[in-house]
Amino acid sequence: MNRFYLVGILLLCPLCLLAQGKGKHKKTLTPQDSLEFLLNEVVVTGQRSTVKLEVDRKTYDVDQNIANAGGSASDVLENIPSVEVDQDGNVSLRGNESVEVWINGKASGLTSENRGEILQQLPAESIEKIEVIDNPSAKFSAEGSAGIINIVLKRDRKAGYYGSLQVGGNTQGGANTSGNINYSSGIIETYLNVGYRHRQNNQGGAWSRQHNYTDNTYMNYDTDDRNRGNNLFTRAGITWHATKKDDLTLSGMGMLGGHNNNNTTLYHYGSWGAADDNKRMFRRNTGDNDMRMIHGELGYKHTFKENHWIDLTVSYNNWHADNKSYYQDSTYYNPNPTTYQYQNRPMFIRNRSWEVKLDYENQLAKTLKLQAGYNGNFSKENTPQEAYNANTWEGTSQVEDKAFYNRFIYKMDLHAFYTTLTWNTGKFGIMGGLRGEYWKVNTESYDWWQEHDATQRKSPYKKDFFQLFPSVFISYQLTPTQQLQVNYTRRLRRPWGGQLNSFRNTRDASMVEFGNPELTPAYTHSFSLNYLKQWDQHTLSLSAYYRPSTDVIQRVKYQDPTDGIMYQTNMNVTKDLSTGIEAVIKNNFFRRLDLTTTLNAYYYELDGFEYTIMGQKVTGDSNHNFSWTGRMLASLLLPKNFSVQFTGNYRSRQVITQGHRRANYNFDLGVRKTFFDKKLALSLNCRDIFNSRRWETITSSNTFERQQRNWRGGRRVQFTVTWNFGNMKSKRPQRQQESDDEGGDMNGYSGGEF
């Protein structure tokens, strides 16, 4: 019933906008704003705006979101419109997992393999805002067919010293504390942030029901999942304004910590319709995972004159993770006696990369601007996995299991050059760009015998690619407060390291997973039409998009009829099409109530396919459906310095390869009270009020049907205390004020360490 009440609110919001939209125009949009993506946000008296709507992106100020207090970056992203984070930490935008996630305008060491882990560790209190860019220009990486999500960390630039201390805890046993301090003058800017988080979750779990048609059998399981972890996060940086034209910046970010998990799973195997289970296996899985992440960055910027500069940044990223997993199996198969097995599977992930960025910008004339640059990324992963077994429950007398040894080596070097030209006159403007990317990939996967005898190794998989990625943005000023833009970009999705590893993973006793070294990138043509309208206290943003893709990478499942085992891998299956309309409506009523409503309705179509994998035919029928998502964030200012926030999300049924994902919804509620001129803040929030953050998928083929449900976390109540100190009301130095007013360096990125 609550779900339908939310839908009603979402449908009424456009009517509220039209009814309240009359008034004097306070903002005028210009073609220059459109092309440089530097539109000013609507000024709201009474409370700071939480959403900044621009033609090419949406910026969400999450610093004041009460629901994020004491949480992680994953929690923050879950409350961003059109963004979803599943139970494994995978991030998707508008239903598409091919999305790049950056920190401060760069990858900052995040990869598809470690992204979920880092986002769980990154504390929410360190994040200032989230930028969602659904169709980036040629200046940005072409990776991510759905676009880019940029996490901007806090870094204020007021003069003087200031900072804050924070401490909190939640009903699941978690706790957090952090502190930051900043100092800024006309010559030096420094900041330091240190945070500690203890995470605990005893409410995770999963279940699966599978019917195999080939032999009329079933495979079911039920899992109870518990985990806990500790994490230390720190950031520091210093900028030296050496001269009026030269700035030198040194910054770094690091994480140190880990987590332990303990889950129990009961597997059932048998003949469909039989009175009793033919086979049962009880598995206890415990894990001890330690991680370390280091990101260092050195930057230099020289300003020749206003709107003419060159910026060089060199960064280093290092990711280490020692994941030790232990499996204890107790198997009963009538009429045989119970058997026991102990498995020890340590994995040592080693990933490092260098990134070089060189950006140049020159306002050649009043109506003409040139941007050009180079981006190099050089990464390498070397991950060995070992295995030890014992035929006892306790794991005594372990011996090495050579059949499950694997060393995976993955290297990718990428070189990219881009150029864009921006021209505008009167009400009309155009920006055209071209990006060229050359990259080469080298993957190796060794078993135990190949590891110890190089003569048995197969030749590495080596591939290289060169592709061009054009972009065109055209804008037209309809009226002083209305703007229209149409754009086109070409994007891609590269397969990440783990998808290329042919090693067979048996961590799930009901499914064997392995990668496919033959995968190639998927390519997307992305078209969008954007409309932006501003009233006195209201803003409307409409976006229509059309995205056909080829060589789509999808997970496929099949059953081997000879042994009855289910397998899962990745394939370039076929073509797909995603098209839809997104509306963001921002209303401010009576200077007290701020409503941000997002509706995204889209149509998805996946062509049918038929492949032969390891001698087995794998098929998928063509599928299509209409889906929609809705979100509302309501912020209410009350007397006595109280504020209340309510967030509701709904996602309808969604098509996936060989099946669909069922609809889901969730609600959050938070209350904040400030004291002593906002120096002290107490906040209380309840996350997932109705325990509804669950993911349920149904997949099928001509040989099987499977229904799965996963959940993580459950309802959580968090209490947080924040103390702000320092000369918080000091003005910035004049030179820094002018620099900030010019906007960001990355086609409109404002804030952050770019």
# chains A, B, ... in the order shown; residues from 1 in each chain; ligands from 1
>>> closest_atom_pairs(of="segment 167-196 of chain A", to="segment 225-236 of chain A", cutoff="6 Å", atoms="only C-alpha atoms", output="tab-separated table")
residue	atom	partner	partner_atom	distance
A:Tyr191	CA	A:Ala236	CA	5.5
A:Leu192	CA	A:Ala236	CA	4.4
A:Asn193	CA	A:Arg235	CA	5.0
A:Val194	CA	A:Thr234	CA	4.4
A:Gly195	CA	A:Phe233	CA	5.1
A:Tyr196	CA	A:Leu232	CA	4.6
>>> closest_atom_pairs(of="segment 647-694 of chain A", to="segment 54-74 of chain A", cutoff="12 Å", atoms="only C-alpha atoms", output="CSV")
residue,atom,partner,partner_atom,distance
A:Thr647,CA,A:Ala67,CA,8.2
A:Gly648,CA,A:Ala67,CA,11.3
A:Phe667,CA,A:Ala67,CA,10.1
A:Asp668,CA,A:Ala67,CA,6.5
A:Leu669,CA,A:Ala67,CA,6.5
A:Gly670,CA,A:Ile66,CA,5.3
A:Val671,CA,A:Ile66,CA,6.8
A:Arg672,CA,A:Ile66,CA,6.9
A:Lys673,CA,A:Ile66,CA,10.6
A:Ala681,CA,A:Ile66,CA,10.7
A:Leu682,CA,A:Ile66,CA,9.9
A:Ser683,CA,A:Ile66,CA,6.7
A:Leu684,CA,A:Ile66,CA,7.5
A:Asn685,CA,A:Ala67,CA,5.5
A:Cys686,CA,A:Ala67,CA,7.1
A:Arg687,CA,A:Ala67,CA,6.6
A:Asp688,CA,A:Ala67,CA,9.8
A:Ile689,CA,A:Ala67,CA,11.3
>>> write_last_selection(atoms="N, CA and C atoms", output="PDB file, in the first residue's frame")
ATOM      1  N   THR A 647      12.857   9.926   2.041  1.00  0.00           N
ATOM      2  CA  THR A 647      13.271   9.462   0.721  1.00  0.00           C
ATOM      3  C   THR A 647      12.528   8.184   0.387  1.00  0.00           C
ATOM      4  N   GLY A 648      11.948   8.129  -0.804  1.00  0.00           N
ATOM      5  CA  GLY A 648      11.268   6.929  -1.282  1.00  0.00           C
ATOM      6  C   GLY A 648      11.744   6.565  -2.669  1.00  0.00           C
ATOM      7  N   PHE A 667      12.244   2.862   1.586  1.00  0.00           N
ATOM      8  CA  PHE A 667      11.984   4.171   2.170  1.00  0.00           C
ATOM      9  C   PHE A 667      12.989   4.449   3.288  1.00  0.00           C
ATOM     10  N   ASP A 668      13.430   5.713   3.388  1.00  0.00           N
ATOM     11  CA  ASP A 668      14.309   6.176   4.463  1.00  0.00           C
ATOM     12  C   ASP A 668      13.699   7.420   5.105  1.00  0.00           C
ATOM     13  N   LEU A 669      13.988   7.622   6.391  1.00  0.00           N
ATOM     14  CA  LEU A 669      13.481   8.785   7.108  1.00  0.00           C
ATOM     15  C   LEU A 669      14.555   9.282   8.059  1.00  0.00           C
ATOM     16  N   GLY A 670      14.744  10.622   8.130  1.00  0.00           N
ATOM     17  CA  GLY A 670      15.754  11.197   9.008  1.00  0.00           C
ATOM     18  C   GLY A 670      15.295  12.494   9.646  1.00  0.00           C
ATOM     19  N   VAL A 671      15.817  12.774  10.859  1.00  0.00           N
ATOM     20  CA  VAL A 671      15.515  13.998  11.593  1.00  0.00           C
ATOM     21  C   VAL A 671      16.828  14.580  12.115  1.00  0.00           C
ATOM     22  N   ARG A 672      16.976  15.929  11.984  1.00  0.00           N
ATOM     23  CA  ARG A 672      18.188  16.590  12.479  1.00  0.00           C
ATOM     24  C   ARG A 672      17.804  17.805  13.320  1.00  0.00           C
ATOM     25  N   LYS A 673      18.582  18.045  14.384  1.00  0.00           N
ATOM     26  CA  LYS A 673      18.407  19.213  15.257  1.00  0.00           C
ATOM     27  C   LYS A 673      19.776  19.866  15.439  1.00  0.00           C
ATOM     28  N   ALA A 681      25.243  19.466  15.769  1.00  0.00           N
ATOM     29  CA  ALA A 681      24.108  18.856  15.078  1.00  0.00           C
ATOM     30  C   ALA A 681      23.906  17.437  15.578  1.00  0.00           C
ATOM     31  N   LEU A 682      22.660  17.108  15.897  1.00  0.00           N
ATOM     32  CA  LEU A 682      22.281  15.749  16.270  1.00  0.00           C
ATOM     33  C   LEU A 682      21.333  15.228  15.202  1.00  0.00           C
ATOM     34  N   SER A 683      21.611  14.032  14.681  1.00  0.00           N
ATOM     35  CA  SER A 683      20.749  13.474  13.635  1.00  0.00           C
ATOM     36  C   SER A 683      20.377  12.041  13.974  1.00  0.00           C
ATOM     37  N   LEU A 684      19.148  11.685  13.608  1.00  0.00           N
ATOM     38  CA  LEU A 684      18.622  10.339  13.803  1.00  0.00           C
ATOM     39  C   LEU A 684      17.962   9.921  12.500  1.00  0.00           C
ATOM     40  N   ASN A 685      18.375   8.787  11.947  1.00  0.00           N
ATOM     41  CA  ASN A 685      17.760   8.334  10.703  1.00  0.00           C
ATOM     42  C   ASN A 685      17.461   6.847  10.757  1.00  0.00           C
ATOM     43  N   CYS A 686      16.435   6.474  10.026  1.00  0.00           N
ATOM     44  CA  CYS A 686      16.060   5.066   9.886  1.00  0.00           C
ATOM     45  C   CYS A 686      16.166   4.699   8.415  1.00  0.00           C
ATOM     46  N   ARG A 687      17.021   3.768   8.105  1.00  0.00           N
ATOM     47  CA  ARG A 687      17.256   3.353   6.732  1.00  0.00           C
ATOM     48  C   ARG A 687      16.494   2.056   6.457  1.00  0.00           C
ATOM     49  N   ASP A 688      15.812   2.018   5.316  1.00  0.00           N
ATOM     50  CA  ASP A 688      15.032   0.855   4.910  1.00  0.00           C
ATOM     51  C   ASP A 688      13.943   0.552   5.948  1.00  0.00           C
ATOM     52  N   ILE A 689      13.015   1.481   6.098  1.00  0.00           N
ATOM     53  CA  ILE A 689      11.979   1.412   7.126  1.00  0.00           C
ATOM     54  C   ILE A 689      11.200   0.107   7.064  1.00  0.00           C
TER      55      ILE A 689
END
>>> select_by_dssp(residues="segment 334-424 of chain A", states="strand (DSSP E)", output="PDB file with C-alpha atoms, in the first residue's frame")
ATOM      1  CA  THR A 339      30.854 -37.241   4.537  1.00  0.00           C
ATOM      2  CA  TYR A 340      32.877 -34.156   5.529  1.00  0.00           C
ATOM      3  CA  GLN A 341      35.178 -31.867   3.601  1.00  0.00           C
ATOM      4  CA  TYR A 342      37.223 -28.810   4.541  1.00  0.00           C
ATOM      5  CA  GLN A 343      38.469 -26.344   1.905  1.00  0.00           C
ATOM      6  CA  ASN A 344      40.884 -23.451   2.407  1.00  0.00           C
ATOM      7  CA  ARG A 345      40.906 -21.020  -0.566  1.00  0.00           C
ATOM      8  CA  PRO A 346      43.226 -18.029  -0.046  1.00  0.00           C
ATOM      9  CA  MET A 347      43.357 -15.367  -2.802  1.00  0.00           C
ATOM     10  CA  PHE A 348      45.880 -12.513  -2.890  1.00  0.00           C
ATOM     11  CA  ILE A 349      44.792  -9.650  -5.143  1.00  0.00           C
ATOM     12  CA  ARG A 350      47.553  -7.289  -6.280  1.00  0.00           C
ATOM     13  CA  ASN A 351      46.506  -4.416  -8.509  1.00  0.00           C
ATOM     14  CA  ARG A 352      48.424  -1.251  -9.329  1.00  0.00           C
ATOM     15  CA  SER A 353      48.130   1.475 -11.945  1.00  0.00           C
ATOM     16  CA  TRP A 354      49.556   4.814 -13.092  1.00  0.00           C
ATOM     17  CA  GLU A 355      47.505   7.568 -14.680  1.00  0.00           C
ATOM     18  CA  VAL A 356      48.714  10.652 -16.542  1.00  0.00           C
ATOM     19  CA  LYS A 357      46.363  13.500 -17.517  1.00  0.00           C
ATOM     20  CA  LEU A 358      47.316  16.577 -19.512  1.00  0.00           C
ATOM     21  CA  ASP A 359      44.561  19.119 -20.242  1.00  0.00           C
ATOM     22  CA  TYR A 360      44.838  22.334 -22.229  1.00  0.00           C
ATOM     23  CA  GLU A 361      42.181  25.025 -22.638  1.00  0.00           C
ATOM     24  CA  ASN A 362      42.260  28.298 -24.569  1.00  0.00           C
ATOM     25  CA  GLN A 363      39.480  30.806 -25.169  1.00  0.00           C
ATOM     26  CA  LEU A 364      40.618  31.698 -28.680  1.00  0.00           C
ATOM     27  CA  ALA A 365      37.919  34.316 -29.145  1.00  0.00           C
ATOM     28  CA  LEU A 368      35.371  30.150 -29.779  1.00  0.00           C
ATOM     29  CA  LYS A 369      37.077  27.867 -27.229  1.00  0.00           C
ATOM     30  CA  LEU A 370      39.606  25.067 -27.770  1.00  0.00           C
ATOM     31  CA  GLN A 371      40.170  22.104 -25.450  1.00  0.00           C
ATOM     32  CA  ALA A 372      42.738  19.366 -26.020  1.00  0.00           C
ATOM     33  CA  GLY A 373      44.561  16.786 -23.964  1.00  0.00           C
ATOM     34  CA  TYR A 374      46.070  13.364 -23.334  1.00  0.00           C
ATOM     35  CA  ASN A 375      45.124  10.619 -20.897  1.00  0.00           C
ATOM     36  CA  GLY A 376      47.285   7.575 -20.231  1.00  0.00           C
ATOM     37  CA  ASN A 377      46.376   4.671 -17.969  1.00  0.00           C
ATOM     38  CA  PHE A 378      48.711   1.757 -17.262  1.00  0.00           C
ATOM     39  CA  SER A 379      47.395  -1.019 -15.022  1.00  0.00           C
ATOM     40  CA  LYS A 380      48.463  -4.501 -13.972  1.00  0.00           C
ATOM     41  CA  GLU A 381      46.887  -7.196 -11.812  1.00  0.00           C
ATOM     42  CA  ASN A 382      48.661 -10.309 -10.517  1.00  0.00           C
ATOM     43  CA  THR A 383      46.360 -12.482  -8.418  1.00  0.00           C
ATOM     44  CA  PRO A 384      47.235 -15.997  -7.242  1.00  0.00           C
ATOM     45  CA  GLN A 385      44.629 -18.290  -5.684  1.00  0.00           C
ATOM     46  CA  TYR A 388      43.935 -26.825   0.424  1.00  0.00           C
ATOM     47  CA  ASN A 389      41.567 -29.675   1.332  1.00  0.00           C
ATOM     48  CA  ALA A 390      40.899 -32.109   4.165  1.00  0.00           C
ATOM     49  CA  VAL A 399      46.813 -31.146   1.595  1.00  0.00           C
ATOM     50  CA  GLU A 400      47.211 -28.835  -1.380  1.00  0.00           C
ATOM     51  CA  ASN A 406      45.154 -20.387 -10.342  1.00  0.00           C
ATOM     52  CA  ARG A 407      47.311 -17.353 -11.075  1.00  0.00           C
ATOM     53  CA  PHE A 408      45.641 -14.635 -13.112  1.00  0.00           C
ATOM     54  CA  ILE A 409      47.703 -11.863 -14.722  1.00  0.00           C
ATOM     55  CA  TYR A 410      45.976  -8.955 -16.437  1.00  0.00           C
ATOM     56  CA  LYS A 411      47.639  -5.950 -18.070  1.00  0.00           C
ATOM     57  CA  MET A 412      46.076  -3.036 -19.923  1.00  0.00           C
ATOM     58  CA  ASP A 413      47.794   0.037 -21.348  1.00  0.00           C
ATOM     59  CA  LEU A 414      45.620   2.837 -22.698  1.00  0.00           C
ATOM     60  CA  HIS A 415      46.520   6.033 -24.562  1.00  0.00           C
ATOM     61  CA  ALA A 416      43.854   8.609 -25.404  1.00  0.00           C
ATOM     62  CA  PHE A 417      43.945  12.004 -27.147  1.00  0.00           C
ATOM     63  CA  TYR A 418      41.024  14.388 -27.451  1.00  0.00           C
ATOM     64  CA  THR A 419      40.138  17.732 -29.004  1.00  0.00           C
ATOM     65  CA  THR A 420      36.949  19.777 -28.679  1.00  0.00           C
ATOM     66  CA  LEU A 421      35.914  23.093 -30.214  1.00  0.00           C
ATOM     67  CA  THR A 422      33.100  25.202 -28.765  1.00  0.00           C
ATOM     68  CA  TRP A 423      31.426  27.954 -30.760  1.00  0.00           C
ATOM     69  CA  ASN A 424      28.438  30.042 -29.744  1.00  0.00           C
TER      70      ASN A 424
END
>>> select_by_dssp(residues="segment 409-460 of chain A", states="alpha helix (DSSP H)", output="PyMOL selection string")
chain A and resi 448-452
>>> residues_around(residues="Ile118 of chain A", least_positions_apart="6", cutoff="12 Å", atoms="only C-alpha atoms", output="PyMOL selection string")
chain A and resi 72-74+89-90+101-103+107-112+124+231-233+253-258+291-294+319-321
>>> write_last_selection(atoms="N, CA and C atoms", output="PDB file, in the first residue's frame")
ATOM      1  N   SER A  72      28.030   4.591   4.196  1.00  0.00           N
ATOM      2  CA  SER A  72      29.155   4.476   3.270  1.00  0.00           C
ATOM      3  C   SER A  72      28.773   5.101   1.935  1.00  0.00           C
ATOM      4  N   ALA A  73      29.749   5.130   1.018  1.00  0.00           N
ATOM      5  CA  ALA A  73      29.475   5.660  -0.323  1.00  0.00           C
ATOM      6  C   ALA A  73      28.405   4.836  -1.037  1.00  0.00           C
ATOM      7  N   SER A  74      28.368   3.522  -0.790  1.00  0.00           N
ATOM      8  CA  SER A  74      27.320   2.690  -1.388  1.00  0.00           C
ATOM      9  C   SER A  74      25.944   3.121  -0.912  1.00  0.00           C
ATOM     10  N   GLY A  89      27.307  -5.010  -4.560  1.00  0.00           N
ATOM     11  CA  GLY A  89      27.993  -3.730  -4.699  1.00  0.00           C
ATOM     12  C   GLY A  89      28.100  -3.231  -6.115  1.00  0.00           C
ATOM     13  N   ASN A  90      27.472  -3.930  -7.092  1.00  0.00           N
ATOM     14  CA  ASN A  90      27.512  -3.487  -8.481  1.00  0.00           C
ATOM     15  C   ASN A  90      26.633  -2.260  -8.671  1.00  0.00           C
ATOM     16  N   VAL A 101      32.506   4.889 -12.327  1.00  0.00           N
ATOM     17  CA  VAL A 101      32.412   5.565 -11.043  1.00  0.00           C
ATOM     18  C   VAL A 101      33.785   6.165 -10.736  1.00  0.00           C
ATOM     19  N   TRP A 102      33.817   7.479 -10.567  1.00  0.00           N
ATOM     20  CA  TRP A 102      35.057   8.196 -10.293  1.00  0.00           C
ATOM     21  C   TRP A 102      35.023   8.834  -8.913  1.00  0.00           C
ATOM     22  N   ILE A 103      36.199   9.186  -8.431  1.00  0.00           N
ATOM     23  CA  ILE A 103      36.339  10.000  -7.224  1.00  0.00           C
ATOM     24  C   ILE A 103      37.111  11.255  -7.616  1.00  0.00           C
ATOM     25  N   ALA A 107      39.475   8.036 -12.021  1.00  0.00           N
ATOM     26  CA  ALA A 107      39.192   6.671 -11.574  1.00  0.00           C
ATOM     27  C   ALA A 107      39.712   6.435 -10.164  1.00  0.00           C
ATOM     28  N   SER A 108      40.827   7.075  -9.797  1.00  0.00           N
ATOM     29  CA  SER A 108      41.386   7.033  -8.433  1.00  0.00           C
ATOM     30  C   SER A 108      41.550   5.611  -7.913  1.00  0.00           C
ATOM     31  N   GLY A 109      41.918   4.696  -8.799  1.00  0.00           N
ATOM     32  CA  GLY A 109      42.165   3.320  -8.379  1.00  0.00           C
ATOM     33  C   GLY A 109      40.951   2.430  -8.384  1.00  0.00           C
ATOM     34  N   LEU A 110      39.758   2.959  -8.665  1.00  0.00           N
ATOM     35  CA  LEU A 110      38.552   2.134  -8.709  1.00  0.00           C
ATOM     36  C   LEU A 110      38.516   1.343 -10.008  1.00  0.00           C
ATOM     37  N   THR A 111      38.302   0.040  -9.889  1.00  0.00           N
ATOM     38  CA  THR A 111      38.114  -0.826 -11.046  1.00  0.00           C
ATOM     39  C   THR A 111      36.805  -1.580 -10.870  1.00  0.00           C
ATOM     40  N   SER A 112      36.380  -2.267 -11.918  1.00  0.00           N
ATOM     41  CA  SER A 112      35.141  -3.037 -11.819  1.00  0.00           C
ATOM     42  C   SER A 112      35.245  -4.132 -10.768  1.00  0.00           C
ATOM     43  N   ALA A 124      30.479   8.006   4.190  1.00  0.00           N
ATOM     44  CA  ALA A 124      29.559   8.972   3.584  1.00  0.00           C
ATOM     45  C   ALA A 124      29.868  10.394   4.022  1.00  0.00           C
ATOM     46  N   ASN A 231      37.456  -0.315   9.340  1.00  0.00           N
ATOM     47  CA  ASN A 231      38.130   0.383   8.266  1.00  0.00           C
ATOM     48  C   ASN A 231      38.618   1.745   8.730  1.00  0.00           C
ATOM     49  N   LEU A 232      39.861   2.061   8.377  1.00  0.00           N
ATOM     50  CA  LEU A 232      40.446   3.374   8.632  1.00  0.00           C
ATOM     51  C   LEU A 232      40.634   4.074   7.297  1.00  0.00           C
ATOM     52  N   PHE A 233      40.084   5.278   7.193  1.00  0.00           N
ATOM     53  CA  PHE A 233      40.136   6.046   5.950  1.00  0.00           C
ATOM     54  C   PHE A 233      40.799   7.392   6.233  1.00  0.00           C
ATOM     55  N   MET A 253      45.139   9.658  -0.680  1.00  0.00           N
ATOM     56  CA  MET A 253      43.990   9.030  -0.037  1.00  0.00           C
ATOM     57  C   MET A 253      44.353   7.587   0.251  1.00  0.00           C
ATOM     58  N   GLY A 254      43.956   7.090   1.411  1.00  0.00           N
ATOM     59  CA  GLY A 254      44.283   5.716   1.755  1.00  0.00           C
ATOM     60  C   GLY A 254      43.202   5.052   2.592  1.00  0.00           C
ATOM     61  N   MET A 255      43.115   3.739   2.479  1.00  0.00           N
ATOM     62  CA  MET A 255      42.204   2.934   3.286  1.00  0.00           C
ATOM     63  C   MET A 255      42.956   1.727   3.815  1.00  0.00           C
ATOM     64  N   LEU A 256      42.634   1.349   5.029  1.00  0.00           N
ATOM     65  CA  LEU A 256      43.249   0.185   5.655  1.00  0.00           C
ATOM     66  C   LEU A 256      42.191  -0.493   6.502  1.00  0.00           C
ATOM     67  N   GLY A 257      41.992  -1.770   6.303  1.00  0.00           N
ATOM     68  CA  GLY A 257      40.978  -2.449   7.104  1.00  0.00           C
ATOM     69  C   GLY A 257      40.659  -3.812   6.557  1.00  0.00           C
ATOM     70  N   GLY A 258      39.479  -4.277   6.864  1.00  0.00           N
ATOM     71  CA  GLY A 258      39.060  -5.589   6.409  1.00  0.00           C
ATOM     72  C   GLY A 258      37.710  -5.944   6.970  1.00  0.00           C
ATOM     73  N   MET A 291      42.331  -5.571   3.449  1.00  0.00           N
ATOM     74  CA  MET A 291      42.537  -4.767   2.257  1.00  0.00           C
ATOM     75  C   MET A 291      43.366  -3.527   2.572  1.00  0.00           C
ATOM     76  N   ARG A 292      43.984  -2.999   1.506  1.00  0.00           N
ATOM     77  CA  ARG A 292      44.752  -1.758   1.605  1.00  0.00           C
ATOM     78  C   ARG A 292      44.674  -1.040   0.270  1.00  0.00           C
ATOM     79  N   MET A 293      44.349   0.234   0.321  1.00  0.00           N
ATOM     80  CA  MET A 293      44.276   1.041  -0.889  1.00  0.00           C
ATOM     81  C   MET A 293      45.060   2.329  -0.688  1.00  0.00           C
ATOM     82  N   ILE A 294      45.897   2.667  -1.671  1.00  0.00           N
ATOM     83  CA  ILE A 294      46.692   3.894  -1.627  1.00  0.00           C
ATOM     84  C   ILE A 294      46.505   4.623  -2.952  1.00  0.00           C
ATOM     85  N   TRP A 319      46.198  -1.322  -4.962  1.00  0.00           N
ATOM     86  CA  TRP A 319      45.131  -2.034  -4.262  1.00  0.00           C
ATOM     87  C   TRP A 319      45.611  -3.438  -3.909  1.00  0.00           C
ATOM     88  N   HIS A 320      45.610  -3.741  -2.599  1.00  0.00           N
ATOM     89  CA  HIS A 320      45.963  -5.068  -2.106  1.00  0.00           C
ATOM     90  C   HIS A 320      44.771  -5.627  -1.342  1.00  0.00           C
ATOM     91  N   ALA A 321      44.463  -6.893  -1.570  1.00  0.00           N
ATOM     92  CA  ALA A 321      43.406  -7.551  -0.805  1.00  0.00           C
ATOM     93  C   ALA A 321      43.805  -9.002  -0.572  1.00  0.00           C
TER      94      ALA A 321
END
>>> residues_around(residues="Asp464 of chain A", least_positions_apart="3", cutoff="8 Å", atoms="only C-alpha atoms", output="ChimeraX atom specification")
/A:438-441
>>> write_last_selection(atoms="N, CA and C atoms", output="CSV table (one decimal), in the first residue's frame")
chain,number,residue,atom,x,y,z
A,438,TYR,N,43.7,4.2,-28.0
A,438,TYR,CA,44.4,2.9,-28.4
A,438,TYR,C,44.7,2.2,-27.1
A,439,TRP,N,44.3,0.9,-27.0
A,439,TRP,CA,44.6,0.1,-25.8
A,439,TRP,C,45.0,-1.3,-26.2
A,440,LYS,N,45.8,-1.9,-25.4
A,440,LYS,CA,46.2,-3.3,-25.6
A,440,LYS,C,46.0,-4.0,-24.3
A,441,VAL,N,45.6,-5.3,-24.4
A,441,VAL,CA,45.2,-6.1,-23.3
A,441,VAL,C,46.0,-7.4,-23.3
>>> residues_around(residues="Lys640 of chain A", least_positions_apart="2", cutoff="10 Å", atoms="only C-alpha atoms", output="ChimeraX atom specification")
/A:637-638,642-643,673-675
>>> closest_residue(among="A:Arg284, A:Leu636, A:Gln559, A:Ser164", to="Glu394 of chain A", atoms="only C-alpha atoms")
A:Arg284
>>> atom_distance(atom1="atom CA of Ser510 of chain A", atom2="atom CA of Leu93 of chain A")
29.7 Å
>>> closest_residue(among="A:Gly432, A:Tyr213, A:Tyr665, A:Tyr446", to="Glu705 of chain A", atoms="only C-alpha atoms")
A:Tyr213
>>> atom_distance(atom1="atom CA of Tyr567 of chain A", atom2="atom CA of Glu97 of chain A")
21.7 Å
>>> atom_distance(atom1="atom CA of Met281 of chain A", atom2="atom CA of Glu513 of chain A")
19.5 Å
>>> residues_around(residues="Phe282 of chain A", least_positions_apart="3", cutoff="8 Å", atoms="only C-alpha atoms", output="PyMOL selection string")
chain A and resi 264-267+329-331
>>> residues_around(residues="Asn285 of chain A", least_positions_apart="5", cutoff="7 Å", atoms="only C-alpha atoms", output="MDAnalysis selection string")
chainID A and resid 262:264 325:328
>>> write_last_selection(atoms="N, CA, C and O atoms", output="compact mmCIF listing (two decimals), in the first residue's frame")
# COMPACT_ATOMS: atom_id res chain seq x y z
N ASN A 262 30.59 -14.72 7.95
CA ASN A 262 30.24 -16.06 8.40
C ASN A 262 28.84 -16.37 7.88
O ASN A 262 27.87 -15.78 8.34
N ASN A 263 28.75 -17.22 6.89
CA ASN A 263 27.43 -17.57 6.37
C ASN A 263 27.25 -19.08 6.33
O ASN A 263 28.22 -19.83 6.17
N THR A 264 26.03 -19.51 6.50
CA THR A 264 25.69 -20.92 6.47
C THR A 264 24.65 -21.15 5.38
O THR A 264 23.71 -20.36 5.21
N SER A 325 39.24 -17.63 2.46
CA SER A 325 37.92 -18.23 2.59
C SER A 325 38.05 -19.69 3.01
O SER A 325 38.88 -20.43 2.47
N TYR A 326 37.19 -20.09 3.94
CA TYR A 326 37.19 -21.45 4.46
C TYR A 326 35.79 -22.04 4.29
O TYR A 326 34.79 -21.42 4.68
N TYR A 327 35.72 -23.24 3.71
CA TYR A 327 34.45 -23.91 3.47
C TYR A 327 34.44 -25.24 4.22
O TYR A 327 35.34 -26.07 4.07
N GLN A 328 33.40 -25.44 5.02
CA GLN A 328 33.21 -26.70 5.74
C GLN A 328 31.90 -27.32 5.25
O GLN A 328 30.82 -26.74 5.42
>>> closest_residue(among="A:Ser185, A:Thr657, A:Thr313, A:Ser145", to="Pro521 of chain A", atoms="only C-alpha atoms")
A:Ser145
>>> closest_residue(among="A:Asn135, A:Thr596, A:Thr243, A:Asn391", to="Arg547 of chain A", atoms="only C-alpha atoms")
A:Asn135
